[in-house]
file run39.txt (compact mmCIF, C-alpha atoms)
# COMPACT_ATOMS: atom_id res chain seq x y z
CA MET A 3 28.76 -91.46 68.55
CA LYS A 4 32.24 -91.57 70.01
CA SER A 5 34.80 -88.88 69.36
CA ASP A 6 38.32 -90.04 68.59
CA THR A 7 39.86 -89.84 72.00
CA ALA A 8 43.59 -89.39 72.32
CA VAL A 9 44.58 -91.03 69.05
CA PRO A 10 47.93 -89.42 68.30
CA VAL A 11 47.79 -87.94 64.81
CA LYS A 12 50.64 -88.94 62.57
CA GLU A 13 52.49 -86.20 60.73
CA VAL A 14 52.16 -86.39 56.99
CA SER A 15 55.32 -87.26 55.13
CA LYS A 16 56.38 -84.42 52.83
CA THR A 17 57.85 -86.88 50.35
CA ASP A 18 54.61 -88.84 49.93
CA PRO A 19 53.55 -88.37 46.28
CA ARG A 20 49.93 -88.06 47.36
CA ILE A 21 50.78 -85.17 49.69
CA LYS A 22 52.77 -83.55 46.89
CA LEU A 23 49.64 -83.74 44.73
CA ILE A 24 47.59 -82.00 47.42
CA ALA A 25 50.30 -79.40 48.04
CA ALA A 26 50.41 -78.60 44.32
CA ARG A 27 46.62 -78.15 44.27
CA ILE A 28 46.73 -75.88 47.32
CA LYS A 29 49.42 -73.78 45.64
CA LYS A 30 47.40 -73.63 42.42
CA GLU A 31 44.43 -72.33 44.41
CA ASN A 32 46.66 -69.63 45.93
CA TYR A 33 46.15 -70.92 49.51
CA LYS A 34 42.59 -69.52 49.37
CA PRO A 35 40.40 -70.87 52.18
CA ASP A 36 37.42 -70.83 49.77
CA ALA A 37 39.04 -73.62 47.75
CA LEU A 38 38.59 -76.10 50.60
CA ILE A 39 36.13 -78.33 48.75
CA GLU A 40 38.30 -78.51 45.61
CA ILE A 41 41.32 -79.47 47.69
CA LEU A 42 39.35 -82.08 49.62
CA HIS A 43 38.31 -83.50 46.23
CA THR A 44 41.96 -83.82 45.23
CA ALA A 45 42.82 -85.43 48.56
CA GLN A 46 39.97 -87.91 48.32
CA GLY A 47 41.06 -88.75 44.77
CA ALA A 48 44.64 -89.35 45.92
CA TYR A 49 43.89 -91.40 49.04
CA GLY A 50 40.45 -92.84 48.26
CA TYR A 51 39.34 -91.41 51.59
CA LEU A 52 40.37 -88.59 53.93
CA PRO A 53 42.79 -89.65 56.68
CA LYS A 54 42.90 -87.39 59.71
CA GLU A 55 46.52 -86.34 59.28
CA VAL A 56 45.66 -85.08 55.79
CA LEU A 57 42.79 -83.01 57.19
CA VAL A 58 45.19 -81.52 59.74
CA TYR A 59 47.63 -80.73 56.94
CA ILE A 60 44.92 -79.07 54.78
CA ALA A 61 43.55 -77.04 57.69
CA LYS A 62 47.04 -75.74 58.50
CA ALA A 63 47.91 -74.97 54.88
CA LEU A 64 44.68 -73.03 54.27
CA LYS A 65 44.75 -71.42 57.73
CA LEU A 66 41.23 -72.72 58.37
CA PRO A 67 39.84 -73.72 61.75
CA PRO A 68 39.97 -77.54 62.12
CA SER A 69 36.28 -77.69 63.00
CA ARG A 70 35.34 -75.95 59.74
CA VAL A 71 37.28 -78.55 57.72
CA PHE A 72 35.71 -81.42 59.66
CA SER A 73 32.20 -80.02 59.32
CA THR A 74 32.63 -79.71 55.54
CA VAL A 75 33.92 -83.28 55.27
CA THR A 76 31.07 -84.73 57.31
CA PHE A 77 28.38 -82.65 55.58
CA TYR A 78 28.96 -83.99 52.07
CA HIS A 79 28.37 -87.69 51.47
CA PHE A 80 31.03 -87.70 48.75
CA PHE A 81 33.79 -87.36 51.34
CA SER A 82 34.64 -90.36 53.46
CA LEU A 83 36.71 -90.55 56.64
CA LYS A 84 37.10 -94.31 56.40
CA SER A 85 38.83 -96.29 53.69
CA LYS A 86 36.37 -97.71 51.19
CA GLY A 87 38.79 -100.48 50.11
CA ASP A 88 41.05 -100.81 47.06
CA HIS A 89 38.18 -102.31 45.10
CA THR A 90 34.58 -101.35 45.73
CA CYS A 91 31.38 -103.25 45.12
CA ILE A 92 28.27 -101.07 45.29
CA VAL A 93 24.97 -102.90 45.20
CA CYS A 94 21.97 -100.85 44.10
CA THR A 95 19.03 -101.31 46.48
CA GLY A 96 16.58 -99.05 44.66
CA THR A 97 13.03 -100.34 44.20
CA ALA A 98 13.59 -102.08 40.85
CA CYS A 99 16.87 -103.73 41.92
CA TYR A 100 15.39 -104.71 45.26
CA VAL A 101 12.49 -106.48 43.58
CA LYS A 102 14.90 -108.20 41.19
CA GLY A 103 16.96 -109.63 44.07
CA ALA A 104 19.52 -107.12 45.37
CA GLN A 105 19.11 -108.63 48.83
CA ALA A 106 20.15 -112.07 47.54
CA ILE A 107 23.35 -110.51 46.15
CA LEU A 108 24.06 -108.82 49.49
CA ASN A 109 23.46 -112.08 51.35
CA LYS A 110 25.82 -113.89 49.01
CA LEU A 111 28.49 -111.23 49.48
CA GLU A 112 28.16 -111.51 53.24
CA LYS A 113 28.41 -115.28 53.08
CA GLU A 114 31.39 -115.23 50.73
CA PHE A 115 33.49 -112.35 52.13
CA GLY A 116 31.86 -111.71 55.54
CA LEU A 117 31.10 -108.12 54.57
CA LYS A 118 27.98 -106.17 55.43
CA PRO A 119 27.27 -102.91 53.54
CA GLY A 120 29.73 -100.23 54.65
CA GLN A 121 32.42 -102.73 55.67
CA VAL A 122 35.88 -103.35 54.27
CA THR A 123 37.96 -106.56 54.41
CA THR A 124 40.79 -106.57 56.94
CA ASP A 125 43.40 -106.49 54.16
CA ASN A 126 41.59 -103.44 52.70
CA LYS A 127 41.18 -105.16 49.32
CA LEU A 128 37.39 -105.08 49.01
CA GLY A 129 34.68 -102.82 50.32
CA VAL A 130 30.93 -103.41 50.01
CA ALA A 131 28.43 -100.56 49.95
CA VAL A 132 24.83 -99.97 48.96
CA ALA A 133 23.31 -97.16 46.91
CA ARG A 134 19.68 -96.04 46.97
CA CYS A 135 19.34 -95.93 43.19
CA ILE A 136 22.07 -95.60 40.60
CA GLY A 137 19.61 -94.73 37.83
CA ALA A 138 20.03 -97.99 35.93
CA CYS A 139 16.65 -99.48 36.79
CA GLY A 140 16.38 -101.06 33.32
CA LEU A 141 19.43 -103.17 34.18
CA ALA A 142 18.07 -104.39 37.52
CA PRO A 143 19.60 -105.84 39.58
CA ALA A 144 22.61 -103.56 39.07
CA VAL A 145 25.98 -103.71 40.83
CA VAL A 146 28.87 -101.26 40.39
CA ILE A 147 32.31 -102.84 40.66
CA ASP A 148 35.18 -100.33 40.52
CA ASN A 149 33.01 -97.78 38.64
CA ASP A 150 31.88 -100.40 36.09
CA VAL A 151 28.12 -100.92 36.05
CA GLN A 152 27.15 -104.57 35.76
CA GLY A 153 23.50 -105.05 34.86
CA LYS A 154 21.12 -108.02 35.13
CA VAL A 155 23.61 -109.94 37.23
CA SER A 156 23.29 -113.05 39.34
CA ALA A 157 24.91 -113.35 42.75
CA ASP A 158 27.33 -116.04 41.53
CA ALA A 159 28.47 -113.93 38.55
CA ILE A 160 29.23 -111.03 40.89
CA ILE A 161 31.37 -113.18 43.15
CA GLU A 162 33.27 -114.42 40.10
CA THR A 163 33.91 -110.87 38.82
CA ILE A 164 35.10 -109.74 42.25
CA ASN A 165 37.47 -112.69 42.54
CA GLU A 166 38.88 -111.89 39.12
CA LYS A 167 39.44 -108.20 39.94
CA THR A 168 40.74 -108.44 43.48
CA GLY A 169 42.49 -111.78 43.46
CA ILE A 170 40.57 -112.93 46.54
CA VAL A 171 39.60 -116.56 46.22
CA MET B 27 16.96 -41.54 56.21
CA ASN B 28 13.49 -42.01 54.76
CA LYS B 29 11.19 -44.00 56.95
CA ILE B 30 8.78 -46.55 55.58
CA THR B 31 5.41 -47.68 56.86
CA VAL B 32 4.71 -51.26 57.83
CA ILE B 33 1.56 -52.68 59.36
CA ILE B 34 2.11 -55.17 62.15
CA ASN B 35 -0.99 -56.79 63.64
CA GLU B 36 -3.17 -54.03 62.16
CA LYS B 37 -1.11 -51.25 63.72
CA LYS B 38 0.93 -48.83 61.63
CA PHE B 39 4.61 -48.25 62.38
CA GLU B 40 7.15 -45.85 60.88
CA VAL B 41 10.44 -47.76 60.66
CA ASP B 42 13.93 -47.65 59.12
CA PRO B 43 14.01 -49.61 55.84
CA HIS B 44 17.25 -51.53 56.52
CA LYS B 45 15.95 -53.27 59.62
CA THR B 46 14.68 -56.84 59.87
CA ILE B 47 11.09 -57.65 60.84
CA LEU B 48 12.36 -59.04 64.14
CA GLU B 49 14.24 -55.84 65.02
CA VAL B 50 11.20 -53.72 64.21
CA CYS B 51 8.92 -55.95 66.29
CA ARG B 52 11.28 -55.97 69.27
CA GLU B 53 11.62 -52.16 69.16
CA ASN B 54 7.86 -51.74 69.13
CA GLU B 55 7.20 -54.34 71.78
CA VAL B 56 5.49 -56.82 69.49
CA GLU B 57 6.30 -60.23 70.87
CA ILE B 58 8.16 -62.68 68.65
CA LEU B 59 9.55 -65.94 70.04
CA THR B 60 13.14 -66.84 69.13
CA MET B 61 15.72 -69.45 70.02
CA CYS B 62 18.63 -69.13 67.59
CA HIS B 63 18.60 -65.32 67.58
CA LEU B 64 21.14 -63.48 69.72
CA LYS B 65 21.36 -59.74 69.16
CA GLY B 66 24.71 -58.79 67.69
CA ILE B 67 25.62 -62.04 65.93
CA VAL B 68 24.57 -63.07 62.44
CA ASP B 69 21.05 -64.49 62.14
CA ILE B 70 20.61 -67.81 60.34
CA GLY B 71 16.86 -68.46 60.69
CA ALA B 72 17.40 -71.96 62.03
CA CYS B 73 14.93 -72.34 64.87
CA ARG B 74 11.78 -71.42 62.87
CA LEU B 75 10.09 -69.93 65.91
CA CYS B 76 10.09 -66.36 64.58
CA LEU B 77 7.93 -67.25 61.57
CA VAL B 78 5.43 -64.53 60.65
CA GLU B 79 2.68 -64.22 58.10
CA ILE B 80 3.07 -61.60 55.39
CA GLU B 81 0.13 -60.62 53.24
CA GLY B 82 0.57 -61.70 49.64
CA MET B 83 2.98 -64.52 50.44
CA ASN B 84 1.66 -68.04 50.87
CA LYS B 85 4.73 -69.14 52.86
CA LEU B 86 5.56 -68.33 56.46
CA ILE B 87 8.63 -66.09 56.60
CA PRO B 88 11.32 -66.05 59.34
CA ALA B 89 11.30 -62.57 60.88
CA CYS B 90 14.99 -62.60 61.87
CA THR B 91 16.39 -62.87 58.33
CA THR B 92 13.76 -60.88 56.42
CA LYS B 93 14.09 -57.12 55.95
CA VAL B 94 11.01 -54.91 56.17
CA ALA B 95 9.63 -53.42 52.95
CA ALA B 96 7.31 -50.49 52.38
CA ASN B 97 3.64 -51.20 53.09
CA MET B 98 4.37 -54.73 54.27
CA VAL B 99 1.41 -56.21 56.14
CA ILE B 100 2.75 -58.50 58.85
CA ARG B 101 0.86 -60.68 61.30
CA THR B 102 2.56 -62.27 64.29
CA ASP B 103 -0.33 -63.54 66.38
CA THR B 104 -2.51 -65.80 64.23
CA GLU B 105 -3.76 -69.21 65.32
CA LYS B 106 -1.77 -70.84 62.52
CA LEU B 107 1.49 -69.38 63.83
CA LYS B 108 0.67 -70.43 67.39
CA LYS B 109 0.07 -73.96 66.16
CA TYR B 110 3.43 -74.04 64.37
CA GLN B 111 5.25 -72.57 67.39
CA ARG B 112 3.91 -75.34 69.55
CA ILE B 113 4.92 -78.01 67.01
CA THR B 114 8.43 -76.57 66.77
CA THR B 115 8.81 -76.46 70.54
CA GLU B 116 7.62 -80.03 70.95
CA LEU B 117 10.08 -81.16 68.30
CA PHE B 118 12.91 -79.48 70.26
CA TYR B 119 11.97 -81.62 73.24
CA ALA B 120 11.53 -84.81 71.22
CA GLU B 121 14.88 -84.48 69.42
CA ARG B 122 17.29 -84.86 72.36
CA ASN B 123 17.13 -86.00 75.98
CA HIS B 124 15.82 -82.95 77.83
CA VAL B 125 15.32 -83.78 81.50
CA CYS B 126 14.62 -80.49 83.29
CA ALA B 127 14.61 -81.97 86.78
CA VAL B 128 18.31 -82.82 86.70
CA CYS B 129 19.48 -79.93 84.52
CA VAL B 130 21.81 -77.14 85.67
CA SER B 131 19.61 -74.61 83.83
CA ASN B 132 16.37 -75.66 85.49
CA GLY B 133 14.27 -72.54 86.09
CA LYS B 134 16.50 -70.27 83.99
CA CYS B 135 16.41 -72.14 80.69
CA GLU B 136 15.23 -70.46 77.50
CA LEU B 137 13.85 -73.75 76.17
CA GLN B 138 11.93 -74.37 79.39
CA ASN B 139 10.51 -70.83 79.35
CA LEU B 140 9.52 -71.31 75.73
CA GLY B 141 7.69 -74.49 76.67
CA TYR B 142 5.71 -72.64 79.36
CA LYS B 143 5.01 -69.77 76.97
CA VAL B 144 3.55 -71.82 74.11
CA GLY B 145 1.77 -74.13 76.56
CA VAL B 146 3.49 -77.46 75.99
CA ASP B 147 1.90 -79.95 78.39
CA ASN B 148 2.74 -83.12 76.49
CA ILE B 149 4.91 -84.07 73.52
CA ARG B 150 2.85 -85.49 70.67
CA TYR B 151 5.85 -86.91 68.82
CA PRO B 152 7.91 -90.00 69.67
CA HIS B 153 11.12 -89.10 71.48
CA LEU B 154 14.27 -90.03 69.54
CA PHE B 155 16.32 -90.75 72.68
CA PRO B 156 19.66 -90.45 70.85
CA GLN B 157 22.87 -91.70 72.43
CA CYS B 158 24.63 -88.43 73.24
CA GLU B 159 28.03 -87.79 74.75
CA VAL B 160 28.81 -85.57 77.70
CA ASP B 161 32.23 -84.00 77.13
CA THR B 162 33.83 -83.18 80.47
CA SER B 163 37.40 -83.00 79.19
CA HIS B 164 37.69 -79.21 79.44
CA PRO B 165 39.13 -78.11 82.82
CA TRP B 166 36.36 -75.56 83.46
CA TYR B 167 33.39 -76.28 81.23
CA VAL B 168 31.15 -79.19 80.22
CA MET B 169 29.43 -79.80 76.88
CA ASP B 170 26.31 -81.95 77.25
CA HIS B 171 24.94 -82.87 73.81
CA ASN B 172 21.74 -84.26 75.39
CA ARG B 173 20.59 -80.70 76.08
CA CYS B 174 21.74 -79.10 72.83
CA ILE B 175 19.04 -77.77 70.48
CA MET B 176 21.43 -76.98 67.58
CA CYS B 177 20.73 -73.24 67.64
CA THR B 178 24.47 -72.82 66.83
CA ARG B 179 24.69 -69.67 68.94
CA CYS B 180 27.90 -71.03 70.47
CA VAL B 181 29.35 -71.64 66.99
CA ARG B 182 28.60 -68.11 65.84
CA VAL B 183 29.76 -66.43 69.04
CA CYS B 184 33.03 -68.38 68.98
CA ASN B 185 33.61 -67.44 65.34
CA GLU B 186 32.35 -63.87 65.22
CA VAL B 187 33.06 -62.46 68.68
CA GLU B 188 35.98 -64.48 70.00
CA GLY B 189 37.40 -65.29 66.55
CA ALA B 190 38.57 -68.71 67.68
CA HIS B 191 36.16 -70.93 65.74
CA ASN B 192 36.55 -73.83 68.10
CA TRP B 193 32.98 -75.00 67.47
CA ASP B 194 31.33 -76.15 64.28
CA VAL B 195 28.57 -78.49 63.17
CA MET B 196 29.22 -82.08 62.12
CA ASN B 197 27.06 -84.39 59.94
CA ARG B 198 23.56 -83.52 58.75
CA GLY B 199 19.93 -84.32 59.45
CA HIS B 200 19.11 -85.73 62.88
CA GLN B 201 22.75 -86.81 63.35
CA VAL B 202 24.09 -83.26 63.60
CA ARG B 203 26.37 -82.57 66.52
CA ILE B 204 28.34 -79.58 67.71
CA ILE B 205 32.03 -80.45 67.48
CA SER B 206 35.26 -79.03 68.78
CA ASP B 207 38.17 -79.20 66.31
CA PHE B 208 38.22 -82.65 64.59
CA ASN B 209 35.43 -84.08 66.74
CA THR B 210 38.07 -84.35 69.45
CA PRO B 211 37.47 -83.76 73.16
CA TRP B 212 37.01 -80.09 74.06
CA GLY B 213 39.86 -80.25 76.56
CA GLU B 214 42.32 -81.16 73.79
CA SER B 215 41.22 -78.31 71.52
CA THR B 216 43.98 -76.31 69.89
CA THR B 217 41.69 -73.37 69.07
CA CYS B 218 39.62 -72.88 72.23
CA THR B 219 40.68 -69.86 74.32
CA SER B 220 38.48 -70.88 77.28
CA CYS B 221 36.78 -67.46 77.12
CA GLY B 222 33.39 -68.87 78.13
CA LYS B 223 31.30 -66.84 75.66
CA CYS B 224 29.71 -70.00 74.23
CA LEU B 225 28.51 -70.80 77.71
CA HIS B 226 26.63 -67.51 78.00
CA ALA B 227 25.32 -67.73 74.44
CA CYS B 228 23.86 -71.22 74.98
CA PRO B 229 20.11 -70.96 75.62
CA THR B 230 19.83 -74.30 77.44
CA GLY B 231 22.02 -76.25 79.85
CA ALA B 232 24.15 -77.76 77.08
CA ILE B 233 27.30 -75.81 77.96
CA TRP B 234 27.89 -75.09 81.61
CA PRO B 235 30.77 -74.46 84.01
CA LYS B 236 31.92 -77.22 86.32
CA ALA B 237 31.35 -76.72 90.04
CA ILE B 238 27.72 -75.75 89.59
CA VAL B 239 24.82 -77.68 91.04
CA GLN B 240 21.39 -78.44 89.62
CA GLY B 241 19.27 -75.38 88.87
CA GLN B 242 22.02 -72.93 89.85
CA LEU B 243 23.27 -71.85 86.44
CA GLU B 244 22.98 -68.13 85.67
CA LYS B 245 23.54 -67.33 82.01
CA ASN B 246 23.97 -63.85 80.66
CA PRO B 247 23.49 -63.67 76.87
CA VAL B 248 22.87 -59.92 77.13
CA MET B 249 26.52 -59.60 78.14
CA ILE B 250 27.53 -60.80 74.68
CA THR B 251 25.27 -58.24 72.96
CA GLU B 252 26.70 -55.49 75.16
CA LEU B 253 30.22 -56.65 74.41
CA ILE B 254 29.58 -56.47 70.66
CA GLU B 255 28.02 -53.00 70.96
CA ARG B 256 30.90 -51.70 73.06
CA ARG B 257 33.41 -52.98 70.53
CA LYS B 258 31.63 -51.04 67.80
CA MET B 259 31.92 -47.77 69.77
CA LYS B 260 34.76 -45.51 68.74
CA LEU B 261 36.43 -44.29 71.91
call {"tool": "encode", "arguments": {"input": "run39.txt", "output": "structure tokens"}}
result
Amino acid sequence: MKSDTAVPVKEVSKTDPRIKLIAARIKKENYKPDALIEILHTAQGAYGYLPKEVLVYIAKALKLPPSRVFSTVTFYHFFSLKSKGDHTCIVCTGTACYVKGAQAILNKLEKEFGLKPGQVTTDNKLGVAVARCIGACGLAPAVVIDNDVQGKVSADAIIETINEKTGIV
Amino acid sequence: MNKITVIINEKKFEVDPHKTILEVCRENEVEILTMCHLKGIVDIGACRLCLVEIEGMNKLIPACTTKVAANMVIRTDTEKLKKYQRITTELFYAERNHVCAVCVSNGKCELQNLGYKVGVDNIRYPHLFPQCEVDTSHPWYVMDHNRCIMCTRCVRVCNEVEGAHNWDVMNRGHQVRIISDFNTPWGESTTCTSCGKCLHACPTGAIWPKAIVQGQLEKNPVMITELIERRKMKL
């Protein structure tokens, strides 16, 4: 548990289309501090995660204490402070998927891309994560690639799909 | 205002209806143990030490957040409650790295006094031994997360009394931590006014002023209650 010591926070660029999207949402919510979660949703949708400079921007715009914004972001699992990658591969490790070989898929992913669950490639193209159960036990083992559920998959088929989508070979 | 009757430990009391069970008990010298309660600031019922038994309810109810009702039959001294108080206290000790011998609060610590009171002589649960930071970046004060019990008294005092809201709570479950601003060092905080109220609100040795040696820390949480009451007075 290390706090981010002395990392200078970049200013957000006002011309960034993503910031414009957030600014529009803040305006629509009438700069109400209660709308924090809705605005964080918009920000997460625009960036894929929540960079620190965006949190600073939101806290200032809503006149909220920075610690309140940070506590909200860290409380909900939906919000992420780290980039999840341009493409995501979520392997279900619920009981049914585990029995049907989710671990073999994870091993293959690690061998192929060098990624453990929660990690992202250095070029930010692919991120691997695990989920406890995605509710598709009938399709075990299930993997979610970019919000598409792939059921009854083999490790090799997954690698092929990822290569197709991300262009990593 | 009409008074109502409540029965606490088989004794009848005439009390104001808008008061909490804890307030009524404290006024009538019925002992209730607390950790997260500080008179004057909002109660959150987090520490679970003030649990009481109420007739007709099969759950234990926190006294600090429950209002009294007419003809309520309350018990505060049953064996079941004593058992739970001891469990709660032991879990406080098991959760972080509490080492009284090297602590600034040694001898004057609310957690230590609680341990003596409920008779903790050993901890029956495995210690978590989490890796905790000690934030010494503030020029005057130190935040030692090893000694924090997450009562959030500092958070509430900073928000409600000082109005700065420097502190808040990060993460959830056993990973919760008190944070300053964006989990940045306290010394770099843009909101902290260095008023020192969090220090007096803290029941343990988690927040303490620099230039103090082991066992020498004098905290004064009553000062905060008095401050709040004086602010309410119309001069």
call {"tool": "atom_distance", "arguments": {"input": "run39.txt", "atom1": "atom CA of Leu59 of chain B", "atom2": "atom CA of Lys93 of chain B"}}
result
17.2 Å
call {"tool": "residues_near_point", "arguments": {"input": "run39.txt", "point": "(41.3, -71.8, 51.0)", "cutoff": "7 Å", "atoms": "only C-alpha atoms", "output": "compact mmCIF listing (two decimals) with C-alpha atoms, keeping the file's coordinate frame"}}
result
# COMPACT_ATOMS: atom_id res chain seq x y z
CA TYR A 33 46.15 -70.92 49.51
CA LYS A 34 42.59 -69.52 49.37
CA PRO A 35 40.40 -70.87 52.18
CA ASP A 36 37.42 -70.83 49.77
CA ALA A 37 39.04 -73.62 47.75
CA LEU A 38 38.59 -76.10 50.60
CA LEU A 64 44.68 -73.03 54.27
call {"tool": "residues_around", "arguments": {"input": "run39.txt", "residues": "Met27 of chain B", "least_positions_apart": "3", "cutoff": "12 Å", "atoms": "all atoms listed in the file", "output": "compact mmCIF listing (two decimals) with C-alpha atoms, in the coordinates of the input"}}
result
# COMPACT_ATOMS: atom_id res chain seq x y z
CA ILE B 30 8.78 -46.55 55.58
CA GLU B 40 7.15 -45.85 60.88
CA VAL B 41 10.44 -47.76 60.66
CA ASP B 42 13.93 -47.65 59.12
CA PRO B 43 14.01 -49.61 55.84
CA HIS B 44 17.25 -51.53 56.52
call {"tool": "closest_residue", "arguments": {"input": "run39.txt", "among": "B:Ser220, B:Asn185, B:Asn197, B:Gln240", "to": "chain A", "atoms": "only C-alpha atoms"}}
result
B:Asn197
call {"tool": "interface_residues", "arguments": {"input": "run39.txt", "of": "chain B", "to": "chain A", "cutoff": "7 Å", "atoms": "only C-alpha atoms", "output": "list of chain:residue names"}}
result
B:Cys158, B:His191, B:Asn192, B:Trp193, B:Asp194, B:Val195, B:Met196, B:Asn197, B:Arg198, B:Ile205, B:Ser206, B:Asp207, B:Phe208, B:Asn209, B:Thr210, B:Pro211
call {"tool": "atom_distance", "arguments": {"input": "run39.txt", "atom1": "atom CA of Gly103 of chain A", "atom2": "atom CA of Ala142 of chain A"}}
result
8.5 Å
call {"tool": "closest_residue", "arguments": {"input": "run39.txt", "among": "B:Cys174, B:Lys258, B:Leu77, B:Ala127", "to": "Lys106 of chain B", "atoms": "only C-alpha atoms"}}
result
B:Leu77
call {"tool": "residues_around", "arguments": {"input": "run39.txt", "residues": "segment 149-153 of chain A", "least_positions_apart": "5", "cutoff": "9 Å", "atoms": "only C-alpha atoms", "output": "list in words"}}
result
Thr90, Cys91, Ile92, Ala138, Gly140, Leu141, Ala142, Pro143, Ala144 and Ile160 of chain A
call {"tool": "atom_distance", "arguments": {"input": "run39.txt", "atom1": "atom CA of Met259 of chain B", "atom2": "atom CA of Gly66 of chain B"}}
result
13.3 Å
call {"tool": "closest_residue", "arguments": {"input": "run39.txt", "among": "B:Leu225, B:Lys45, B:Gln201, B:Asp161", "to": "Leu243 of chain B", "atoms": "only C-alpha atoms"}}
result
B:Leu225
call {"tool": "closest_residue", "arguments": {"input": "run39.txt", "among": "B:Cys135, B:Thr114, B:Asn97, B:Glu214", "to": "Lys29 of chain B", "atoms": "all atoms listed in the file"}}
result
B:Asn97
call {"tool": "residues_around", "arguments": {"input": "run39.txt", "residues": "Glu81 of chain B", "least_positions_apart": "6", "cutoff": "12 Å", "atoms": "all atoms listed in the file", "output": "number ranges by chain"}}
result
B: 32-36, 87, 95, 97-102
call {"tool": "residues_around", "arguments": {"input": "run39.txt", "residues": "segment 93-99 of chain A", "least_positions_apart": "3", "cutoff": "7 Å", "atoms": "all atoms listed in the file", "output": "JSON, numbers by chain"}}
result
{"A": [102, 103, 104, 131, 132, 133, 134, 135, 136, 139, 142, 143, 144, 145, 146]}
